[in-house]
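One file, input.txt, carrying compact mmCIF, C-alpha atoms:
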# COMPACT_ATOMS: atom_id res chain seq x y z
CA MET A 1 0.00 0.00 0.00
CA ALA A 2 1.38 3.42 -0.99
CA ALA A 3 2.06 5.93 1.74
CA LYS A 4 -0.63 8.55 2.06
CA ARG A 5 0.62 11.87 0.72
CA ASP A 6 0.27 14.95 2.90
CA GLN A 7 -2.80 16.74 1.50
CA ALA A 8 -1.30 20.14 2.36
CA THR A 9 1.68 19.54 0.06
CA PRO A 10 0.77 19.34 -3.62
CA SER A 11 2.75 17.08 -5.92
CA GLN A 12 5.07 18.58 -8.52
CA ASP A 13 2.47 17.74 -11.20
CA GLU A 14 -0.34 19.43 -9.25
CA LEU A 15 1.79 22.53 -8.76
CA THR A 16 2.77 22.58 -12.44
CA ASP A 17 -0.83 22.14 -13.56
CA ALA A 18 -2.02 24.95 -11.29
CA LEU A 19 0.70 27.29 -12.59
CA VAL A 20 -0.06 26.36 -16.21
CA GLY A 21 -3.71 27.21 -15.58
CA ALA A 22 -2.75 30.53 -14.02
CA SER A 23 -0.38 31.27 -16.90
CA ARG A 24 -3.20 30.73 -19.42
CA ALA A 25 -5.33 33.26 -17.56
CA LEU A 26 -2.45 35.73 -17.32
CA ILE A 27 -1.54 35.36 -20.99
CA ALA A 28 -5.15 36.06 -21.96
CA ILE A 29 -5.07 39.19 -19.79
CA ALA A 30 -1.72 40.25 -21.29
CA VAL A 31 -2.98 39.79 -24.84
CA ARG A 32 -6.14 41.79 -24.16
CA SER A 33 -4.18 44.54 -22.39
CA LEU A 34 -1.72 44.77 -25.25
CA ALA A 35 -4.46 44.84 -27.89
CA ASP A 36 -6.26 47.63 -26.04
CA ALA A 37 -3.23 49.83 -25.39
CA ALA A 38 -0.78 49.29 -28.26
CA ASP A 39 -2.07 49.14 -31.82
CA GLY A 40 -0.25 46.41 -33.77
CA LEU A 41 2.40 45.64 -31.16
CA THR A 42 3.26 41.95 -30.78
CA LEU A 43 3.93 40.25 -27.46
CA VAL A 44 7.62 39.85 -28.35
CA GLN A 45 7.89 43.54 -29.26
CA TYR A 46 6.20 44.45 -26.00
CA ARG A 47 8.56 42.16 -24.08
CA ALA A 48 11.49 43.97 -25.73
CA LEU A 49 10.09 47.29 -24.51
CA VAL A 50 9.76 45.87 -21.00
CA VAL A 51 13.37 44.63 -21.03
CA LEU A 52 14.63 47.99 -22.28
CA SER A 53 12.57 49.90 -19.71
CA TYR A 54 13.92 47.70 -16.90
CA ARG A 55 17.53 47.24 -17.99
CA GLY A 56 18.16 50.42 -19.99
CA ALA A 57 19.81 50.83 -23.38
CA MET A 58 21.69 47.81 -24.69
CA ARG A 59 23.20 46.25 -27.77
CA VAL A 60 20.83 44.32 -30.01
CA ALA A 61 22.78 41.12 -29.26
CA ASP A 62 22.20 41.62 -25.53
CA LEU A 63 18.50 42.26 -26.11
CA ALA A 64 18.34 39.07 -28.18
CA GLU A 65 19.83 37.15 -25.27
CA HIS A 66 17.29 38.61 -22.81
CA LEU A 67 14.45 37.67 -25.17
CA SER A 68 15.90 34.22 -25.98
CA VAL A 69 15.87 34.92 -29.72
CA ASN A 70 18.70 35.01 -32.25
CA SER A 71 20.37 38.31 -33.14
CA SER A 72 18.82 38.55 -36.60
CA THR A 73 15.34 38.21 -35.09
CA ALA A 74 16.16 40.91 -32.54
CA THR A 75 17.52 43.16 -35.29
CA ARG A 76 14.28 42.89 -37.29
CA LEU A 77 12.24 43.41 -34.13
CA CYS A 78 14.23 46.56 -33.29
CA GLU A 79 13.81 47.90 -36.81
CA ARG A 80 10.04 47.63 -36.42
CA LEU A 81 10.16 49.32 -33.02
CA VAL A 82 12.35 52.12 -34.41
CA ARG A 83 9.80 52.70 -37.22
CA LYS A 84 7.05 52.86 -34.59
CA GLU A 85 9.23 55.35 -32.66
CA LEU A 86 9.07 53.18 -29.55
CA VAL A 87 12.85 52.69 -29.42
CA SER A 88 15.78 54.66 -30.80
CA ARG A 89 19.38 54.01 -31.65
CA VAL A 90 21.88 55.72 -29.35
CA SER A 91 25.67 55.82 -29.41
CA ASP A 92 27.45 53.31 -27.25
CA PRO A 93 29.49 55.31 -24.71
CA ASP A 94 32.08 52.52 -24.56
CA ASP A 95 32.49 52.08 -28.33
CA GLY A 96 31.93 55.04 -30.61
CA ARG A 97 31.38 52.73 -33.61
CA ALA A 98 28.62 50.75 -31.92
CA THR A 99 25.03 51.63 -31.17
CA ARG A 100 22.58 50.60 -28.53
CA ILE A 101 18.81 50.40 -28.56
CA ALA A 102 17.00 52.58 -26.00
CA ILE A 103 13.31 52.85 -25.20
CA THR A 104 11.74 56.21 -26.08
CA THR A 105 9.23 58.25 -24.12
CA ALA A 106 6.53 56.84 -26.42
CA GLY A 107 7.76 53.31 -25.70
CA ASN A 108 7.64 53.94 -21.96
CA SER A 109 4.11 55.29 -22.39
CA VAL A 110 3.04 52.06 -24.12
CA VAL A 111 4.55 49.96 -21.31
CA ALA A 112 2.79 52.11 -18.71
CA ALA A 113 -0.57 51.91 -20.51
CA VAL A 114 -0.39 48.14 -20.95
CA THR A 115 0.68 47.70 -17.33
CA THR A 116 -2.19 49.87 -16.10
CA ARG A 117 -4.74 47.92 -18.12
CA ARG A 118 -3.28 44.60 -17.00
CA ARG A 119 -3.23 45.64 -13.34
CA THR A 120 -6.86 46.80 -13.57
CA GLU A 121 -8.04 43.50 -15.01
CA ILE A 122 -5.98 41.41 -12.58
CA SER A 123 -7.27 43.48 -9.68
CA LYS A 124 -10.86 42.73 -10.69
CA ILE A 125 -10.08 39.01 -10.70
CA ALA A 126 -8.16 39.18 -7.41
CA ARG A 127 -11.13 40.84 -5.70
CA ARG A 128 -13.14 37.70 -6.51
CA MET A 129 -10.61 35.49 -4.68
CA PRO A 130 -11.59 34.45 -1.17
CA VAL A 131 -9.83 36.67 1.37
CA GLU A 132 -8.45 33.66 3.25
CA HIS A 133 -6.46 32.57 0.14
CA ARG A 134 -4.87 35.91 -0.67
CA ARG A 135 -1.80 35.72 1.63
CA ALA A 136 -0.90 32.27 0.32
CA ALA A 137 -1.38 33.48 -3.27
CA VAL A 138 0.91 36.47 -2.72
CA GLU A 139 3.64 34.36 -1.12
CA SER A 140 3.41 31.64 -3.75
CA LEU A 141 3.41 33.98 -6.72
CA GLU A 142 6.30 36.03 -5.31
CA ALA A 143 8.30 32.81 -4.85
CA PHE A 144 7.44 31.72 -8.39
CA THR A 145 8.48 35.09 -9.85
CA LEU A 146 11.75 35.04 -7.93
CA ALA A 147 12.48 31.48 -9.08
CA SER A 148 11.78 32.47 -12.70
CA GLY A 149 14.42 35.21 -12.76
CA VAL A 150 11.95 37.68 -14.31
CA ALA A 151 11.98 41.17 -12.85
CA PRO A 152 9.19 41.77 -10.35
CA GLU A 153 6.60 44.22 -11.65
CA GLN A 154 7.60 46.99 -9.26
CA SER A 155 11.26 46.82 -10.30
CA TRP A 156 10.62 48.15 -13.77
CA THR A 157 7.43 50.13 -13.42
CA LEU A 158 8.43 52.41 -10.56
CA GLY A 159 10.62 55.20 -11.83
CA TRP A 160 11.64 53.46 -15.07
CA THR A 161 15.20 52.91 -13.90
CA SER A 162 17.50 49.98 -14.38
Reformat the file's structure so that it appears as structure tokens.
Amino acid sequence: MAAKRDQATPSQDELTDALVGASRALIAIAVRSLADAADGLTLVQYRALVVLSYRGAMRVADLAEHLSVNSSTATRLCERLVRKELVSRVSDPDDGRATRIAITTAGNSVVAAVTTRRRTEISKIARRMPVEHRRAAVESLEAFTLASGVAPEQSWTLGWTS
């Protein structure tokens, strides 16, 4: 007979399934928020803006690494963002021949608008959660975010500094 598993401790599969379900809901919210706030911007383009707003200007190769795409994909993505005036090319202070990609004021405005819309929708959902589950949700999601290596929301939305 198998040992009875502690009901308070979910299995790795249960945890994974719960997080996959939450990620589906969050992706749907992100897509809707992006569609509402940024005409024609893709999720990858938006992610590039988020990285640039959080980390500051960088070489295209470094942006490609942060986005887990190859350099040619990042170059094409940056060209589109330059045409939309959401990023600009700036001189590299360490190498006068090189350029970096920096988010523009318009790009920061898009990130702020999408974030505001996303926070509003998530807040509506969170208000429907039972109060007694909220502390555990906060602790669990903070631990998950930390484990993922992705910047916490407040790190890149407050003050727009790296």
Ref. answer, residues at most 9 Å from (6.1, 51.0, -24.3) with all atoms listed in the file, as an MDAnalysis selection string: chainID A and resid 38 46 48:50 53 86:87 103:114
Please write the residues from the selection above to a file, keeping C-alpha atoms, as a CSV table (one decimal), keeping the file's coordinate frame.
chain,number,residue,atom,x,y,z
A,38,ALA,CA,-0.8,49.3,-28.3
A,46,TYR,CA,6.2,44.4,-26.0
A,48,ALA,CA,11.5,44.0,-25.7
A,49,LEU,CA,10.1,47.3,-24.5
A,50,VAL,CA,9.8,45.9,-21.0
A,53,SER,CA,12.6,49.9,-19.7
A,86,LEU,CA,9.1,53.2,-29.6
A,87,VAL,CA,12.8,52.7,-29.4
A,103,ILE,CA,13.3,52.8,-25.2
A,104,THR,CA,11.7,56.2,-26.1
A,105,THR,CA,9.2,58.2,-24.1
A,106,ALA,CA,6.5,56.8,-26.4
A,107,GLY,CA,7.8,53.3,-25.7
A,108,ASN,CA,7.6,53.9,-22.0
A,109,SER,CA,4.1,55.3,-22.4
A,110,VAL,CA,3.0,52.1,-24.1
A,111,VAL,CA,4.6,50.0,-21.3
A,112,ALA,CA,2.8,52.1,-18.7
A,113,ALA,CA,-0.6,51.9,-20.5
A,114,VAL,CA,-0.4,48.1,-21.0
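Taking only C-alpha atoms into account, Ile29 (chain A) lies nearest to A:Ile125 out of the set A:Leu77, A:Met58, A:Ile125, A:Ala8.
The two atoms in question, CA of Asp95 (chain A) and CA of Val150 (chain A), are spaced 28.7 Å apart.
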Shell of 12 Å around Ser140 (chain A), only C-alpha atoms, local chain residues under 5 positions omitted, as a VMD selection string: chain A and resid 15 18 to 19 133 to 135 145 to 147
Give me the residues near Val44 (chain A) as a compact mmCIF listing (two decimals) with C-alpha atoms, in the frame of the given file, where near means some atom within 12 Å (using only C-alpha atoms) and where sequence neighbours in that chain fewer than 4 positions away do not count.
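Saved result, out.txt, follows:
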# COMPACT_ATOMS: atom_id res chain seq x y z
CA ALA A 30 -1.72 40.25 -21.29
CA VAL A 31 -2.98 39.79 -24.84
CA LEU A 34 -1.72 44.77 -25.25
CA GLY A 40 -0.25 46.41 -33.77
CA ALA A 48 11.49 43.97 -25.73
CA LEU A 49 10.09 47.29 -24.51
CA VAL A 50 9.76 45.87 -21.00
CA VAL A 51 13.37 44.63 -21.03
CA LEU A 63 18.50 42.26 -26.11
CA ALA A 64 18.34 39.07 -28.18
CA HIS A 66 17.29 38.61 -22.81
CA LEU A 67 14.45 37.67 -25.17
CA SER A 68 15.90 34.22 -25.98
CA VAL A 69 15.87 34.92 -29.72
CA THR A 73 15.34 38.21 -35.09
CA ALA A 74 16.16 40.91 -32.54
CA ARG A 76 14.28 42.89 -37.29
CA LEU A 77 12.24 43.41 -34.13
CA CYS A 78 14.23 46.56 -33.29
CA ARG A 80 10.04 47.63 -36.42
CA LEU A 81 10.16 49.32 -33.02
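The space separating CA of Ser123 (chain A) from CA of Asp36 (chain A) comes to 16.9 Å.
CA of Arg100 (chain A) lies 11.3 Å from CA of Thr75 (chain A).
With only C-alpha atoms as the atoms that count, the residue of A:Arg118, A:Ala35, A:Ser71, A:Arg59 with the shortest distance to Val90 (chain A) is A:Arg59.
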To box region 83-94 of chain A, take all atoms listed in the file, fit an axis-aligned box, add 3 Å on each side, and give centre and edge lengths in Å to one decimal, as AutoDock Vina command-line options.
--center_x 19.6 --center_y 54.2 --center_z -30.9 --size_x 31.0 --size_y 9.3 --size_z 18.7
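Considering all atoms listed in the file, the residue among A:Pro10, A:Ala37, A:Phe144, A:Ala61 positioned nearest to Ser23 (chain A) is A:Phe144.
Shortest separation to Asp39 (chain A) among A:Met129, A:Lys84, A:Thr9, A:Arg24 occurs at residue A:Lys84, atoms counted being all atoms listed in the file.
Of the residues listed (A:Ser11, A:Ser88, A:Val20, A:Ser33), A:Ser33 shows the shortest atom-to-atom separation from Arg119 (chain A); distances use only C-alpha atoms.
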Put region 24-62 of chain A into a file with N, CA and C atoms, as a PDB file, in the first residue's frame.
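Listing of result-v5.pdb after writing:
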ATOM      1  N   ARG A  24      -2.219  30.541 -18.324  1.00  0.00           N
ATOM      2  CA  ARG A  24      -3.199  30.729 -19.416  1.00  0.00           C
ATOM      3  C   ARG A  24      -4.059  31.964 -19.153  1.00  0.00           C
ATOM      4  N   ALA A  25      -4.513  32.094 -17.922  1.00  0.00           N
ATOM      5  CA  ALA A  25      -5.332  33.259 -17.564  1.00  0.00           C
ATOM      6  C   ALA A  25      -4.519  34.549 -17.702  1.00  0.00           C
ATOM      7  N   LEU A  26      -3.282  34.527 -17.248  1.00  0.00           N
ATOM      8  CA  LEU A  26      -2.446  35.729 -17.318  1.00  0.00           C
ATOM      9  C   LEU A  26      -2.065  36.084 -18.754  1.00  0.00           C
ATOM     10  N   ILE A  27      -1.837  35.091 -19.576  1.00  0.00           N
ATOM     11  CA  ILE A  27      -1.542  35.355 -20.986  1.00  0.00           C
ATOM     12  C   ILE A  27      -2.750  35.988 -21.662  1.00  0.00           C
ATOM     13  N   ALA A  28      -3.933  35.476 -21.376  1.00  0.00           N
ATOM     14  CA  ALA A  28      -5.149  36.058 -21.958  1.00  0.00           C
ATOM     15  C   ALA A  28      -5.288  37.521 -21.540  1.00  0.00           C
ATOM     16  N   ILE A  29      -5.004  37.810 -20.284  1.00  0.00           N
ATOM     17  CA  ILE A  29      -5.066  39.190 -19.795  1.00  0.00           C
ATOM     18  C   ILE A  29      -4.009  40.039 -20.499  1.00  0.00           C
ATOM     19  N   ALA A  30      -2.804  39.511 -20.635  1.00  0.00           N
ATOM     20  CA  ALA A  30      -1.724  40.255 -21.291  1.00  0.00           C
ATOM     21  C   ALA A  30      -2.064  40.569 -22.737  1.00  0.00           C
ATOM     22  N   VAL A  31      -2.618  39.590 -23.437  1.00  0.00           N
ATOM     23  CA  VAL A  31      -2.982  39.792 -24.843  1.00  0.00           C
ATOM     24  C   VAL A  31      -4.065  40.858 -24.965  1.00  0.00           C
ATOM     25  N   ARG A  32      -5.076  40.776 -24.120  1.00  0.00           N
ATOM     26  CA  ARG A  32      -6.139  41.790 -24.159  1.00  0.00           C
ATOM     27  C   ARG A  32      -5.598  43.170 -23.812  1.00  0.00           C
ATOM     28  N   SER A  33      -4.747  43.252 -22.806  1.00  0.00           N
ATOM     29  CA  SER A  33      -4.177  44.539 -22.390  1.00  0.00           C
ATOM     30  C   SER A  33      -3.331  45.137 -23.499  1.00  0.00           C
ATOM     31  N   LEU A  34      -2.570  44.313 -24.162  1.00  0.00           N
ATOM     32  CA  LEU A  34      -1.721  44.774 -25.252  1.00  0.00           C
ATOM     33  C   LEU A  34      -2.562  45.238 -26.433  1.00  0.00           C
ATOM     34  N   ALA A  35      -3.592  44.476 -26.765  1.00  0.00           N
ATOM     35  CA  ALA A  35      -4.463  44.838 -27.889  1.00  0.00           C
ATOM     36  C   ALA A  35      -5.162  46.161 -27.629  1.00  0.00           C
ATOM     37  N   ASP A  36      -5.547  46.404 -26.389  1.00  0.00           N
ATOM     38  CA  ASP A  36      -6.259  47.633 -26.037  1.00  0.00           C
ATOM     39  C   ASP A  36      -5.346  48.857 -26.033  1.00  0.00           C
ATOM     40  N   ALA A  37      -4.087  48.677 -25.638  1.00  0.00           N
ATOM     41  CA  ALA A  37      -3.225  49.829 -25.389  1.00  0.00           C
ATOM     42  C   ALA A  37      -2.201  50.108 -26.481  1.00  0.00           C
ATOM     43  N   ALA A  38      -1.890  49.123 -27.318  1.00  0.00           N
ATOM     44  CA  ALA A  38      -0.785  49.292 -28.264  1.00  0.00           C
ATOM     45  C   ALA A  38      -1.148  48.700 -29.619  1.00  0.00           C
ATOM     46  N   ASP A  39      -1.619  49.552 -30.491  1.00  0.00           N
ATOM     47  CA  ASP A  39      -2.066  49.136 -31.817  1.00  0.00           C
ATOM     48  C   ASP A  39      -0.953  48.430 -32.598  1.00  0.00           C
ATOM     49  N   GLY A  40      -1.159  47.161 -32.907  1.00  0.00           N
ATOM     50  CA  GLY A  40      -0.249  46.415 -33.766  1.00  0.00           C
ATOM     51  C   GLY A  40       1.031  45.939 -33.132  1.00  0.00           C
ATOM     52  N   LEU A  41       1.189  46.082 -31.843  1.00  0.00           N
ATOM     53  CA  LEU A  41       2.402  45.639 -31.164  1.00  0.00           C
ATOM     54  C   LEU A  41       2.266  44.166 -30.808  1.00  0.00           C
ATOM     55  N   THR A  42       3.296  43.367 -31.122  1.00  0.00           N
ATOM     56  CA  THR A  42       3.262  41.947 -30.779  1.00  0.00           C
ATOM     57  C   THR A  42       3.731  41.745 -29.338  1.00  0.00           C
ATOM     58  N   LEU A  43       3.468  40.557 -28.824  1.00  0.00           N
ATOM     59  CA  LEU A  43       3.928  40.247 -27.463  1.00  0.00           C
ATOM     60  C   LEU A  43       5.452  40.313 -27.363  1.00  0.00           C
ATOM     61  N   VAL A  44       6.157  39.827 -28.387  1.00  0.00           N
ATOM     62  CA  VAL A  44       7.622  39.852 -28.351  1.00  0.00           C
ATOM     63  C   VAL A  44       8.123  41.297 -28.402  1.00  0.00           C
ATOM     64  N   GLN A  45       7.505  42.127 -29.216  1.00  0.00           N
ATOM     65  CA  GLN A  45       7.892  43.540 -29.260  1.00  0.00           C
ATOM     66  C   GLN A  45       7.638  44.202 -27.908  1.00  0.00           C
ATOM     67  N   TYR A  46       6.506  43.892 -27.319  1.00  0.00           N
ATOM     68  CA  TYR A  46       6.201  44.449 -25.999  1.00  0.00           C
ATOM     69  C   TYR A  46       7.222  43.975 -24.975  1.00  0.00           C
ATOM     70  N   ARG A  47       7.560  42.703 -25.023  1.00  0.00           N
ATOM     71  CA  ARG A  47       8.557  42.165 -24.083  1.00  0.00           C
ATOM     72  C   ARG A  47       9.885  42.893 -24.248  1.00  0.00           C
ATOM     73  N   ALA A  48      10.263  43.216 -25.488  1.00  0.00           N
ATOM     74  CA  ALA A  48      11.495  43.969 -25.727  1.00  0.00           C
ATOM     75  C   ALA A  48      11.414  45.335 -25.050  1.00  0.00           C
ATOM     76  N   LEU A  49      10.262  45.989 -25.167  1.00  0.00           N
ATOM     77  CA  LEU A  49      10.092  47.293 -24.507  1.00  0.00           C
ATOM     78  C   LEU A  49      10.228  47.157 -22.995  1.00  0.00           C
ATOM     79  N   VAL A  50       9.663  46.100 -22.446  1.00  0.00           N
ATOM     80  CA  VAL A  50       9.760  45.873 -21.001  1.00  0.00           C
ATOM     81  C   VAL A  50      11.218  45.679 -20.590  1.00  0.00           C
ATOM     82  N   VAL A  51      11.952  44.869 -21.342  1.00  0.00           N
ATOM     83  CA  VAL A  51      13.365  44.629 -21.026  1.00  0.00           C
ATOM     84  C   VAL A  51      14.141  45.937 -21.087  1.00  0.00           C
ATOM     85  N   LEU A  52      13.918  46.719 -22.135  1.00  0.00           N
ATOM     86  CA  LEU A  52      14.631  47.990 -22.276  1.00  0.00           C
ATOM     87  C   LEU A  52      14.245  48.983 -21.181  1.00  0.00           C
ATOM     88  N   SER A  53      12.983  48.980 -20.773  1.00  0.00           N
ATOM     89  CA  SER A  53      12.573  49.900 -19.709  1.00  0.00           C
ATOM     90  C   SER A  53      13.187  49.499 -18.373  1.00  0.00           C
ATOM     91  N   TYR A  54      13.373  48.209 -18.161  1.00  0.00           N
ATOM     92  CA  TYR A  54      13.915  47.705 -16.901  1.00  0.00           C
ATOM     93  C   TYR A  54      15.439  47.766 -16.864  1.00  0.00           C
ATOM     94  N   ARG A  55      16.067  47.370 -17.960  1.00  0.00           N
ATOM     95  CA  ARG A  55      17.531  47.244 -17.991  1.00  0.00           C
ATOM     96  C   ARG A  55      18.250  48.434 -18.614  1.00  0.00           C
ATOM     97  N   GLY A  56      17.524  49.289 -19.329  1.00  0.00           N
ATOM     98  CA  GLY A  56      18.164  50.420 -19.989  1.00  0.00           C
ATOM     99  C   GLY A  56      18.666  50.052 -21.375  1.00  0.00           C
ATOM    100  N   ALA A  57      19.302  51.017 -22.019  1.00  0.00           N
ATOM    101  CA  ALA A  57      19.806  50.826 -23.383  1.00  0.00           C
ATOM    102  C   ALA A  57      20.809  49.673 -23.421  1.00  0.00           C
ATOM    103  N   MET A  58      20.771  48.943 -24.534  1.00  0.00           N
ATOM    104  CA  MET A  58      21.685  47.806 -24.691  1.00  0.00           C
ATOM    105  C   MET A  58      21.909  47.500 -26.156  1.00  0.00           C
ATOM    106  N   ARG A  59      22.934  46.707 -26.409  1.00  0.00           N
ATOM    107  CA  ARG A  59      23.201  46.247 -27.771  1.00  0.00           C
ATOM    108  C   ARG A  59      22.096  45.291 -28.197  1.00  0.00           C
ATOM    109  N   VAL A  60      21.863  45.222 -29.491  1.00  0.00           N
ATOM    110  CA  VAL A  60      20.830  44.322 -30.007  1.00  0.00           C
ATOM    111  C   VAL A  60      21.139  42.881 -29.602  1.00  0.00           C
ATOM    112  N   ALA A  61      22.404  42.492 -29.639  1.00  0.00           N
ATOM    113  CA  ALA A  61      22.781  41.121 -29.260  1.00  0.00           C
ATOM    114  C   ALA A  61      22.403  40.821 -27.810  1.00  0.00           C
ATOM    115  N   ASP A  62      22.565  41.815 -26.937  1.00  0.00           N
ATOM    116  CA  ASP A  62      22.196  41.623 -25.529  1.00  0.00           C
ATOM    117  C   ASP A  62      20.680  41.528 -25.370  1.00  0.00           C
TER     118      ASP A  62
END
